[in-house]
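Engineer: One file is attached below, entry.txt, containing compact mmCIF, C-alpha atoms.
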# COMPACT_ATOMS: atom_id res chain seq x y z
CA MET A 1 0.00 0.00 0.00
CA ASN A 2 1.28 3.44 -0.90
CA LEU A 3 0.90 5.28 2.39
CA SER A 4 1.52 8.64 0.76
CA ASN A 5 -1.84 8.18 -0.97
CA GLU A 6 -3.70 7.36 2.22
CA ALA A 7 -7.23 8.69 1.82
CA VAL A 8 -7.40 10.17 5.31
CA PRO A 9 -3.98 11.24 6.56
CA VAL A 10 -4.67 11.68 10.24
CA ASN A 11 -1.34 13.03 11.39
CA ASP A 12 2.33 12.89 10.49
CA GLU A 13 3.37 10.23 12.94
CA SER A 14 0.93 7.62 11.61
CA ARG A 15 3.24 7.15 8.61
CA PRO A 16 6.92 6.17 8.46
CA GLU A 17 9.27 9.05 7.82
CA PRO A 18 11.15 9.01 4.48
CA GLY A 19 13.74 6.24 4.53
CA GLU A 20 12.07 4.37 7.37
CA ASN A 21 10.65 0.87 6.92
CA LEU A 22 7.95 -1.03 8.75
CA ALA A 23 9.12 -3.81 11.04
CA GLU A 24 8.32 -7.35 9.91
CA ARG A 25 6.71 -8.19 13.23
CA LEU A 26 6.08 -6.84 16.69
CA ASP A 27 8.09 -8.59 19.41
CA LEU A 28 5.67 -9.24 22.29
CA SER A 29 7.99 -11.27 24.49
CA SER A 30 8.94 -8.48 26.91
CA LEU A 31 5.42 -8.42 28.35
CA GLY A 32 4.98 -12.14 28.97
CA GLY A 33 4.69 -13.41 32.54
CA GLU A 34 3.13 -12.52 35.88
CA TRP A 35 3.01 -8.87 36.90
CA ARG A 36 2.36 -8.07 40.57
CA ASN A 37 1.20 -4.75 41.98
CA THR A 38 4.03 -2.82 43.66
CA ASN A 39 1.48 -1.91 46.35
CA THR A 40 0.74 -5.13 48.21
CA GLU A 41 -2.15 -3.39 50.00
CA THR A 42 -3.87 -2.37 46.79
CA ARG A 43 -7.65 -2.08 46.60
CA GLY A 44 -7.37 -2.16 42.81
CA ILE A 45 -5.73 -4.72 40.52
CA ALA A 46 -3.62 -7.25 42.41
CA GLN A 47 -1.99 -9.10 39.52
CA ILE A 48 -1.92 -9.32 35.75
CA ASP A 49 -0.88 -12.44 33.85
CA ILE A 50 0.19 -12.02 30.23
CA ARG A 51 0.78 -14.69 27.61
CA ALA A 52 2.63 -13.65 24.48
CA GLU A 53 1.47 -15.89 21.64
CA ASP A 54 2.05 -15.84 17.90
CA ALA A 55 -1.48 -14.52 17.45
CA GLY A 56 -1.03 -11.74 20.00
CA LEU A 57 -1.31 -11.07 23.70
CA ARG A 58 -3.66 -12.85 26.10
CA VAL A 59 -4.20 -11.07 29.41
CA ARG A 60 -5.84 -12.17 32.67
CA VAL A 61 -6.56 -9.60 35.39
CA TYR A 62 -7.07 -10.27 39.09
CA GLY A 63 -8.89 -7.58 41.07
CA ALA A 64 -8.27 -7.22 44.80
CA GLY A 65 -11.50 -8.36 46.42
CA VAL A 66 -12.68 -8.33 50.00
CA ALA A 67 -12.22 -12.10 50.25
CA GLY A 68 -9.26 -12.83 48.00
CA VAL A 69 -8.87 -11.93 44.34
CA ASN A 70 -11.54 -11.54 41.67
CA ASP A 71 -10.59 -13.26 38.43
CA TRP A 72 -11.73 -11.01 35.58
CA GLY A 73 -10.97 -13.73 33.05
CA GLU A 74 -8.48 -13.95 30.22
CA ARG A 75 -8.97 -12.17 26.92
CA SER A 76 -7.11 -11.09 23.82
CA VAL A 77 -5.94 -7.48 23.88
CA THR A 78 -4.65 -5.02 21.32
CA ALA A 79 -0.87 -4.67 21.48
CA TYR A 80 0.83 -1.40 20.56
CA ALA A 81 4.33 -0.53 19.36
CA TYR A 82 6.20 2.53 20.60
CA ARG A 83 5.95 4.00 17.12
CA VAL A 84 4.65 3.11 13.68
CA THR A 85 8.00 1.66 12.61
CA GLY A 86 8.60 -0.01 15.97
CA ASP A 87 9.27 -3.70 16.49
CA ILE A 88 9.03 -3.86 20.31
CA VAL A 89 5.71 -3.93 22.12
CA ALA A 90 5.01 -0.85 24.25
CA GLY A 91 1.84 -2.06 25.92
CA PHE A 92 -1.76 -2.95 25.34
CA GLU A 93 -5.33 -1.88 25.96
CA SER A 94 -8.61 -3.71 26.23
CA THR A 95 -12.01 -3.36 27.85
CA TRP A 96 -13.46 -5.87 30.27
CA ASP A 97 -17.26 -5.66 30.35
CA PHE A 98 -18.95 -6.81 33.55
CA GLY A 99 -22.46 -5.72 32.69
CA SER A 100 -22.91 -3.24 35.51
CA GLN A 101 -19.58 -1.59 34.75
CA GLU A 102 -16.77 -1.77 32.21
CA ALA A 103 -13.06 -1.35 32.79
CA LEU A 104 -10.79 -0.03 30.05
CA VAL A 105 -7.33 -1.26 31.01
CA THR A 106 -4.36 0.51 29.42
CA ALA A 107 -0.83 -0.73 30.04
CA ILE A 108 2.55 0.71 29.09
CA HIS A 109 5.88 -0.97 29.79
CA ASN A 110 8.61 1.33 31.03
CA ARG A 111 11.97 0.05 32.30
CA GLY A 112 10.65 -3.10 33.89
CA VAL A 113 7.52 -1.49 35.27
CA LEU A 114 4.10 -2.02 33.78
CA VAL A 115 2.09 1.17 34.29
CA ILE A 116 -1.62 0.41 34.35
CA HIS A 117 -4.37 2.99 34.05
CA THR A 118 -7.88 1.60 34.38
CA TYR A 119 -10.83 3.72 33.32
CA HIS A 120 -13.97 2.51 35.11
CA ARG A 121 -17.38 3.34 33.71
CA PHE A 122 -20.54 2.41 35.58
CA LYS A 123 -23.52 1.51 33.45
CA ASP A 124 -26.13 0.56 36.02
CA GLY A 125 -27.16 4.03 37.22
CA ASP A 126 -26.23 3.33 40.81
CA GLY A 127 -24.72 6.80 41.17
CA ARG A 128 -21.05 5.90 41.43
CA SER A 129 -18.57 8.21 39.68
CA ASN A 130 -16.64 6.91 36.70
CA PHE A 131 -13.01 6.93 37.82
CA ILE A 132 -9.39 6.28 36.86
CA SER A 133 -7.15 3.93 38.79
CA LYS A 134 -3.35 4.28 38.30
CA GLU A 135 -1.09 1.47 39.47
CA PHE A 136 2.38 -0.01 38.92
CA PHE A 137 3.39 -3.64 38.44
CA HIS A 138 6.67 -5.55 38.51
CA GLN A 139 7.72 -9.09 37.65
CA MET B 1 -28.36 0.32 47.31
CA THR B 2 -25.92 0.67 50.15
CA PRO B 3 -22.23 0.64 49.20
CA ALA B 4 -21.89 -2.93 50.47
CA GLU B 5 -24.60 -4.11 48.05
CA LEU B 6 -23.05 -2.66 44.90
CA PRO B 7 -21.59 -5.11 42.37
CA SER B 8 -17.81 -5.03 42.64
CA ILE B 9 -14.88 -6.15 40.52
CA LYS B 10 -12.29 -4.80 42.99
CA ARG B 11 -12.38 -3.04 46.32
CA ASP B 12 -11.72 0.48 45.06
CA ASP B 13 -14.98 0.53 43.09
CA GLN B 14 -16.89 0.61 46.39
CA PRO B 15 -17.83 4.12 47.57
CA ARG B 16 -17.08 5.03 51.17
CA VAL B 17 -20.26 7.11 51.28
CA PRO B 18 -23.54 6.50 49.45
CA ALA B 19 -23.16 7.55 45.81
CA ASP B 20 -25.15 10.64 44.87
CA GLY B 21 -25.08 10.23 41.09
CA ARG B 22 -24.04 13.79 40.29
CA GLY B 23 -21.84 12.69 37.41
CA VAL B 24 -18.25 13.77 36.88
CA ASP B 25 -17.69 17.50 36.36
CA LEU B 26 -15.03 18.52 33.81
CA THR B 27 -15.67 22.26 34.03
CA HIS B 28 -12.29 23.10 35.60
CA LEU B 29 -10.49 21.54 32.60
CA LEU B 30 -12.43 23.36 29.88
CA GLY B 31 -10.30 25.46 27.56
CA THR B 32 -7.38 25.01 25.19
CA TRP B 33 -4.37 22.82 26.00
CA ILE B 34 -1.09 23.08 24.10
CA ASN B 35 1.51 20.35 23.51
CA THR B 36 4.72 20.99 25.49
CA TYR B 37 6.64 19.51 22.54
CA ARG B 38 6.41 22.03 19.74
CA ALA B 39 7.85 19.66 17.12
CA THR B 40 5.17 17.03 17.72
CA ARG B 41 4.07 14.93 14.77
CA SER B 42 0.72 14.27 16.41
CA ILE B 43 -1.66 16.44 18.47
CA VAL B 44 -0.56 20.07 18.51
CA CYS B 45 -3.31 21.31 20.80
CA PHE B 46 -6.84 20.50 21.83
CA THR B 47 -9.84 22.28 23.28
CA LEU B 48 -12.24 20.82 25.80
CA ARG B 49 -15.69 22.34 25.68
CA GLN B 50 -19.23 21.89 26.92
CA ASN B 51 -21.37 20.00 24.44
CA GLY B 52 -25.02 19.94 25.41
CA SER B 53 -25.19 18.20 28.75
CA GLY B 54 -21.78 16.58 28.17
CA TYR B 55 -18.33 17.50 26.91
CA ALA B 56 -16.41 17.34 23.65
CA ILE B 57 -12.86 17.67 22.37
CA SER B 58 -11.63 19.39 19.25
CA ALA B 59 -8.02 18.66 18.38
CA GLN B 60 -5.48 20.01 15.92
CA VAL B 61 -2.87 17.60 14.60
CA SER B 62 0.40 18.02 12.76
CA GLY B 63 0.24 17.48 9.01
CA ALA B 64 2.48 17.99 6.03
CA ASP B 65 0.63 21.20 5.17
CA GLY B 66 0.47 22.49 8.70
CA ALA B 67 -1.97 21.79 11.49
CA ARG B 68 -5.36 20.40 10.63
CA SER B 69 -8.47 20.00 12.73
CA LEU B 70 -10.04 16.72 13.67
CA ASP B 71 -13.79 16.39 13.98
CA LEU B 72 -15.40 17.07 17.33
CA ALA B 73 -15.44 13.96 19.51
CA GLU B 74 -17.39 13.14 22.62
CA VAL B 75 -15.43 13.26 25.87
CA ARG B 76 -16.10 10.90 28.76
CA PRO B 77 -14.85 12.38 32.05
CA PHE B 78 -13.38 10.28 34.87
CA SER B 79 -12.67 11.26 38.47
CA ALA B 80 -9.70 10.24 40.61
CA ASN B 81 -11.79 7.84 42.68
CA VAL B 82 -15.29 6.47 42.90
CA ASP B 83 -16.37 9.04 45.54
CA SER B 84 -15.23 12.13 43.64
CA ALA B 85 -17.31 14.16 41.19
CA LYS B 86 -14.34 16.24 39.98
CA ALA B 87 -12.74 15.10 36.72
CA ASP B 88 -9.14 13.94 36.86
CA GLY B 89 -9.04 12.81 33.26
CA PHE B 90 -11.08 11.76 30.27
CA SER B 91 -11.29 9.46 27.29
CA ALA B 92 -12.33 10.05 23.70
CA GLN B 93 -12.49 7.93 20.58
CA TYR B 94 -11.96 8.76 16.90
CA ASP B 95 -12.75 6.58 13.90
CA PHE B 96 -11.19 7.77 10.65
CA GLY B 97 -12.06 4.67 8.66
CA CYS B 98 -8.49 3.66 7.95
CA LEU B 99 -7.58 3.90 11.61
CA GLU B 100 -9.06 4.37 15.05
CA MET B 101 -7.51 6.49 17.75
CA LEU B 102 -8.33 6.10 21.44
CA LEU B 103 -7.32 9.01 23.66
CA THR B 104 -6.97 8.51 27.39
CA ALA B 105 -5.90 11.42 29.55
CA TYR B 106 -5.21 12.27 33.16
CA CYS B 107 -4.12 15.33 35.11
CA ALA B 108 -0.67 15.64 36.64
CA LYS B 109 0.67 18.77 38.32
CA GLY B 110 -1.15 21.22 36.06
CA LEU B 111 -0.56 19.21 32.90
CA ILE B 112 -2.87 16.89 31.03
CA VAL B 113 -1.04 13.72 29.99
CA VAL B 114 -2.63 12.32 26.85
CA SER B 115 -2.03 8.77 25.66
CA GLN B 116 -2.93 7.95 22.09
CA TYR B 117 -3.63 4.37 21.05
CA THR B 118 -3.69 4.23 17.25
CA ARG B 119 -5.11 1.12 15.63
CA PHE B 120 -4.92 0.61 11.88
CA LYS B 121 -7.78 -0.97 9.94
CA ASP B 122 -6.48 -0.52 6.39
CA GLY B 123 -4.30 -3.61 6.00
CA SER B 124 -1.25 -1.45 5.40
CA GLY B 125 0.93 -3.58 7.66
CA ARG B 126 1.59 -0.76 10.05
CA PRO B 127 1.66 -1.89 13.67
CA ASP B 128 -0.82 -0.33 16.07
CA TYR B 129 1.20 2.16 18.08
CA PHE B 130 1.18 4.19 21.25
CA ASN B 131 2.15 7.77 21.94
CA ARG B 132 2.09 9.85 25.13
CA GLU B 133 2.37 13.64 25.17
CA PHE B 134 1.99 16.46 27.68
CA PHE B 135 -0.22 19.54 27.42
CA PHE B 136 -0.30 22.79 29.35
CA LYS B 137 -3.27 25.11 29.56
CA GLU B 138 -3.34 28.18 27.38
CA GLU B 139 -3.60 31.30 29.48
CA ALA B 140 -6.88 33.11 29.06
Mind converting the file's structure to structure tokens?
Structural biologist:
Amino acid sequence: MNLSNEAVPVNDESRPEPGENLAERLDLSSLGGEWRNTNTETRGIAQIDIRAEDAGLRVRVYGAGVAGVNDWGERSVTAYAYRVTGDIVAGFESTWDFGSQEALVTAIHNRGVLVIHTYHRFKDGDGRSNFISKEFFHQ
Amino acid sequence: MTPAELPSIKRDDQPRVPADGRGVDLTHLLGTWINTYRATRSIVCFTLRQNGSGYAISAQVSGADGARSLDLAEVRPFSANVDSAKADGFSAQYDFGCLEMLLTAYCAKGLIVVSQYTRFKDGSGRPDYFNREFFFKEEA
């Protein structure tokens, strides 16, 4: 595809600069494994397990519950490079839908720390405020 | 429902006081925000505004022929915790056909930190990519 003829050029950085080439594949391996919250007393996400597969990333989230952890289940997520010509995974995002609320989980890997921002949206009209939770995870 | 009866996926989604359902107020963040990095190849600046009973964002992005405007997009405000009604960030979503762009943003020491998650749908082989930039508020 000739990217210079893209019908809707959104911004400059969505295309390689002159002389740059796209990577053949995105290396997902740096995110694989168990990630534990740096705050052992968290009331948010306790742990995140990531499997790096040929088809992409599979992520399981464990929320810190009153009586142990709440398993949110495993799902495929969208993996992102650091830039459009990048070959190393930067992080991922995906939304877990629980019916009464949904949680958009965004994750960025930075020097051995996985920075997680979770955007909670309540859908059941119970009056709770939609909120952001920011947490840090290590292996 | 009392807080203890609310469905929960983790402990911090439980209010400490009964929820009053006011919704999250973004008023203090309305206005124009400018990228701290003047040579950005992405969002140059954006404006948060009231839009009916909600909020919207209009953004200008860097292009070969100078900055161009993106269409107005709905903004979803988020507070810092489940008990607060004051926005600490927001999300917005664009769909340009060939690509989608999710914006997530939070406040930090007078700045708004905006993360962009760009996902391609055009089969061009470009990897989905992430970008994070910092914006300061334009003085009135």
Engineer: As a CSV table (one decimal) with C-alpha atoms, in the coordinates of the input, could you give me every residue of chain A near chain B (at most 6 Å apart, counting all atoms listed in the file)?
Structural biologist:
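Saved as out_7.csv:
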chain,number,residue,atom,x,y,z
A,1,MET,CA,0.0,0.0,0.0
A,11,ASN,CA,-1.3,13.0,11.4
A,12,ASP,CA,2.3,12.9,10.5
A,13,GLU,CA,3.4,10.2,12.9
A,43,ARG,CA,-7.6,-2.1,46.6
A,44,GLY,CA,-7.4,-2.2,42.8
A,63,GLY,CA,-8.9,-7.6,41.1
A,64,ALA,CA,-8.3,-7.2,44.8
A,65,GLY,CA,-11.5,-8.4,46.4
A,80,TYR,CA,0.8,-1.4,20.6
A,81,ALA,CA,4.3,-0.5,19.4
A,82,TYR,CA,6.2,2.5,20.6
A,83,ARG,CA,6.0,4.0,17.1
A,84,VAL,CA,4.6,3.1,13.7
A,127,GLY,CA,-24.7,6.8,41.2
A,128,ARG,CA,-21.0,5.9,41.4
A,129,SER,CA,-18.6,8.2,39.7
A,130,ASN,CA,-16.6,6.9,36.7
A,131,PHE,CA,-13.0,6.9,37.8
A,132,ILE,CA,-9.4,6.3,36.9
Engineer: Please write as a list in words the list of polymer residues whose atoms come within 12 Å of (-18.4, 24.2, 26.0), counting all atoms listed in the file and keeping to the coordinates of the file.
Structural biologist: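 The answer, in the requested form, is Leu26, Thr27, His28, Leu29, Leu30, Gly31, Thr32, Thr47, Leu48, Arg49, Gln50, Asn51, Gly52, Ser53, Gly54, Tyr55, Ala56, Ile57, Ser58, Leu72, Glu74 and Val75 of chain B.
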Engineer: Where's the centre, and what are the edge lengths in Å to one decimal, of a box along x, y and z enclosing all listed atoms of range 118-136 of chain A padded 4 Å per side, as lines of an AutoDock Vina configuration file?
Structural biologist:
center_x = -12.4
center_y = 4.1
center_z = 37.4
size_x = 37.5
size_y = 16.2
size_z = 16.1
Engineer: Interatomic distance between CA of Asn35 in chain B and CA of Val10 in chain A?
Structural biologist: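 These atoms are spaced 17.0 Å apart.
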Engineer: Residues at most 7 Å from range 52-60 of chain A, counting only C-alpha atoms, excluding those fewer than 2 positions away in the same chain, as a list in words?
Structural biologist: Leu28, Ser29, Gly32, Ile48, Asp49, Ile50, Tyr62, Trp72, Gly73, Glu74, Arg75, Ser76, Val77 and Ala79 of chain A
Engineer: Rounded to one decimal place, report the CA of Gln116 in chain B-CA of Thr118 in chain A distance in Å.
Structural biologist: 14.7 Å
Engineer: Kindly complete range 89-111 of chain A to N, CA and C atoms; the output should be written as a PDB file, in the frame of the given file.
Structural biologist:
ATOM      1  N   VAL A  89       7.017  -4.286  21.578  1.00  0.00           N
ATOM      2  CA  VAL A  89       5.710  -3.930  22.120  1.00  0.00           C
ATOM      3  C   VAL A  89       5.873  -2.883  23.228  1.00  0.00           C
ATOM      4  N   ALA A  90       5.003  -1.884  23.202  1.00  0.00           N
ATOM      5  CA  ALA A  90       5.010  -0.850  24.250  1.00  0.00           C
ATOM      6  C   ALA A  90       4.005  -1.183  25.338  1.00  0.00           C
ATOM      7  N   GLY A  91       2.886  -1.777  24.944  1.00  0.00           N
ATOM      8  CA  GLY A  91       1.840  -2.060  25.920  1.00  0.00           C
ATOM      9  C   GLY A  91       0.599  -2.573  25.226  1.00  0.00           C
ATOM     10  N   PHE A  92      -0.507  -2.442  25.902  1.00  0.00           N
ATOM     11  CA  PHE A  92      -1.760  -2.950  25.340  1.00  0.00           C
ATOM     12  C   PHE A  92      -2.924  -2.175  25.937  1.00  0.00           C
ATOM     13  N   GLU A  93      -4.087  -2.364  25.351  1.00  0.00           N
ATOM     14  CA  GLU A  93      -5.330  -1.880  25.960  1.00  0.00           C
ATOM     15  C   GLU A  93      -6.450  -2.839  25.600  1.00  0.00           C
ATOM     16  N   SER A  94      -7.417  -2.919  26.495  1.00  0.00           N
ATOM     17  CA  SER A  94      -8.610  -3.710  26.230  1.00  0.00           C
ATOM     18  C   SER A  94      -9.665  -3.351  27.264  1.00  0.00           C
ATOM     19  N   THR A  95     -10.904  -3.651  26.943  1.00  0.00           N
ATOM     20  CA  THR A  95     -12.010  -3.360  27.850  1.00  0.00           C
ATOM     21  C   THR A  95     -12.640  -4.648  28.347  1.00  0.00           C
ATOM     22  N   TRP A  96     -12.732  -4.772  29.649  1.00  0.00           N
ATOM     23  CA  TRP A  96     -13.460  -5.870  30.270  1.00  0.00           C
ATOM     24  C   TRP A  96     -14.865  -5.365  30.599  1.00  0.00           C
ATOM     25  N   ASP A  97     -15.875  -6.085  30.142  1.00  0.00           N
ATOM     26  CA  ASP A  97     -17.260  -5.660  30.350  1.00  0.00           C
ATOM     27  C   ASP A  97     -17.916  -6.595  31.367  1.00  0.00           C
ATOM     28  N   PHE A  98     -18.348  -6.023  32.476  1.00  0.00           N
ATOM     29  CA  PHE A  98     -18.950  -6.810  33.550  1.00  0.00           C
ATOM     30  C   PHE A  98     -20.461  -6.618  33.641  1.00  0.00           C
ATOM     31  N   GLY A  99     -21.020  -5.973  32.665  1.00  0.00           N
ATOM     32  CA  GLY A  99     -22.460  -5.720  32.690  1.00  0.00           C
ATOM     33  C   GLY A  99     -22.780  -4.438  33.427  1.00  0.00           C
ATOM     34  N   SER A 100     -22.601  -4.430  34.728  1.00  0.00           N
ATOM     35  CA  SER A 100     -22.910  -3.240  35.510  1.00  0.00           C
ATOM     36  C   SER A 100     -21.849  -2.152  35.341  1.00  0.00           C
ATOM     37  N   GLN A 101     -20.647  -2.554  34.999  1.00  0.00           N
ATOM     38  CA  GLN A 101     -19.580  -1.590  34.750  1.00  0.00           C
ATOM     39  C   GLN A 101     -18.621  -2.182  33.725  1.00  0.00           C
ATOM     40  N   GLU A 102     -17.830  -1.289  33.085  1.00  0.00           N
ATOM     41  CA  GLU A 102     -16.770  -1.770  32.210  1.00  0.00           C
ATOM     42  C   GLU A 102     -15.466  -1.112  32.623  1.00  0.00           C
ATOM     43  N   ALA A 103     -14.386  -1.823  32.391  1.00  0.00           N
ATOM     44  CA  ALA A 103     -13.060  -1.350  32.790  1.00  0.00           C
ATOM     45  C   ALA A 103     -12.148  -1.367  31.569  1.00  0.00           C
ATOM     46  N   LEU A 104     -11.773  -0.162  31.119  1.00  0.00           N
ATOM     47  CA  LEU A 104     -10.790  -0.030  30.050  1.00  0.00           C
ATOM     48  C   LEU A 104      -9.414  -0.062  30.700  1.00  0.00           C
ATOM     49  N   VAL A 105      -8.657  -1.110  30.417  1.00  0.00           N
ATOM     50  CA  VAL A 105      -7.330  -1.260  31.010  1.00  0.00           C
ATOM     51  C   VAL A 105      -6.287  -0.872  29.972  1.00  0.00           C
ATOM     52  N   THR A 106      -5.455   0.117  30.306  1.00  0.00           N
ATOM     53  CA  THR A 106      -4.360   0.510  29.420  1.00  0.00           C
ATOM     54  C   THR A 106      -3.063   0.227  30.145  1.00  0.00           C
ATOM     55  N   ALA A 107      -2.097  -0.316  29.419  1.00  0.00           N
ATOM     56  CA  ALA A 107      -0.830  -0.730  30.040  1.00  0.00           C
ATOM     57  C   ALA A 107       0.328  -0.281  29.173  1.00  0.00           C
ATOM     58  N   ILE A 108       1.322   0.322  29.796  1.00  0.00           N
ATOM     59  CA  ILE A 108       2.550   0.710  29.090  1.00  0.00           C
ATOM     60  C   ILE A 108       3.742   0.220  29.883  1.00  0.00           C
ATOM     61  N   HIS A 109       4.674  -0.405  29.178  1.00  0.00           N
ATOM     62  CA  HIS A 109       5.880  -0.970  29.790  1.00  0.00           C
ATOM     63  C   HIS A 109       6.985   0.078  29.772  1.00  0.00           C
ATOM     64  N   ASN A 110       7.565   0.320  30.946  1.00  0.00           N
ATOM     65  CA  ASN A 110       8.610   1.330  31.030  1.00  0.00           C
ATOM     66  C   ASN A 110       9.682   0.866  32.009  1.00  0.00           C
ATOM     67  N   ARG A 111      10.816   0.438  31.484  1.00  0.00           N
ATOM     68  CA  ARG A 111      11.970   0.050  32.300  1.00  0.00           C
ATOM     69  C   ARG A 111      11.622  -0.983  33.363  1.00  0.00           C
TER      70      ARG A 111
END
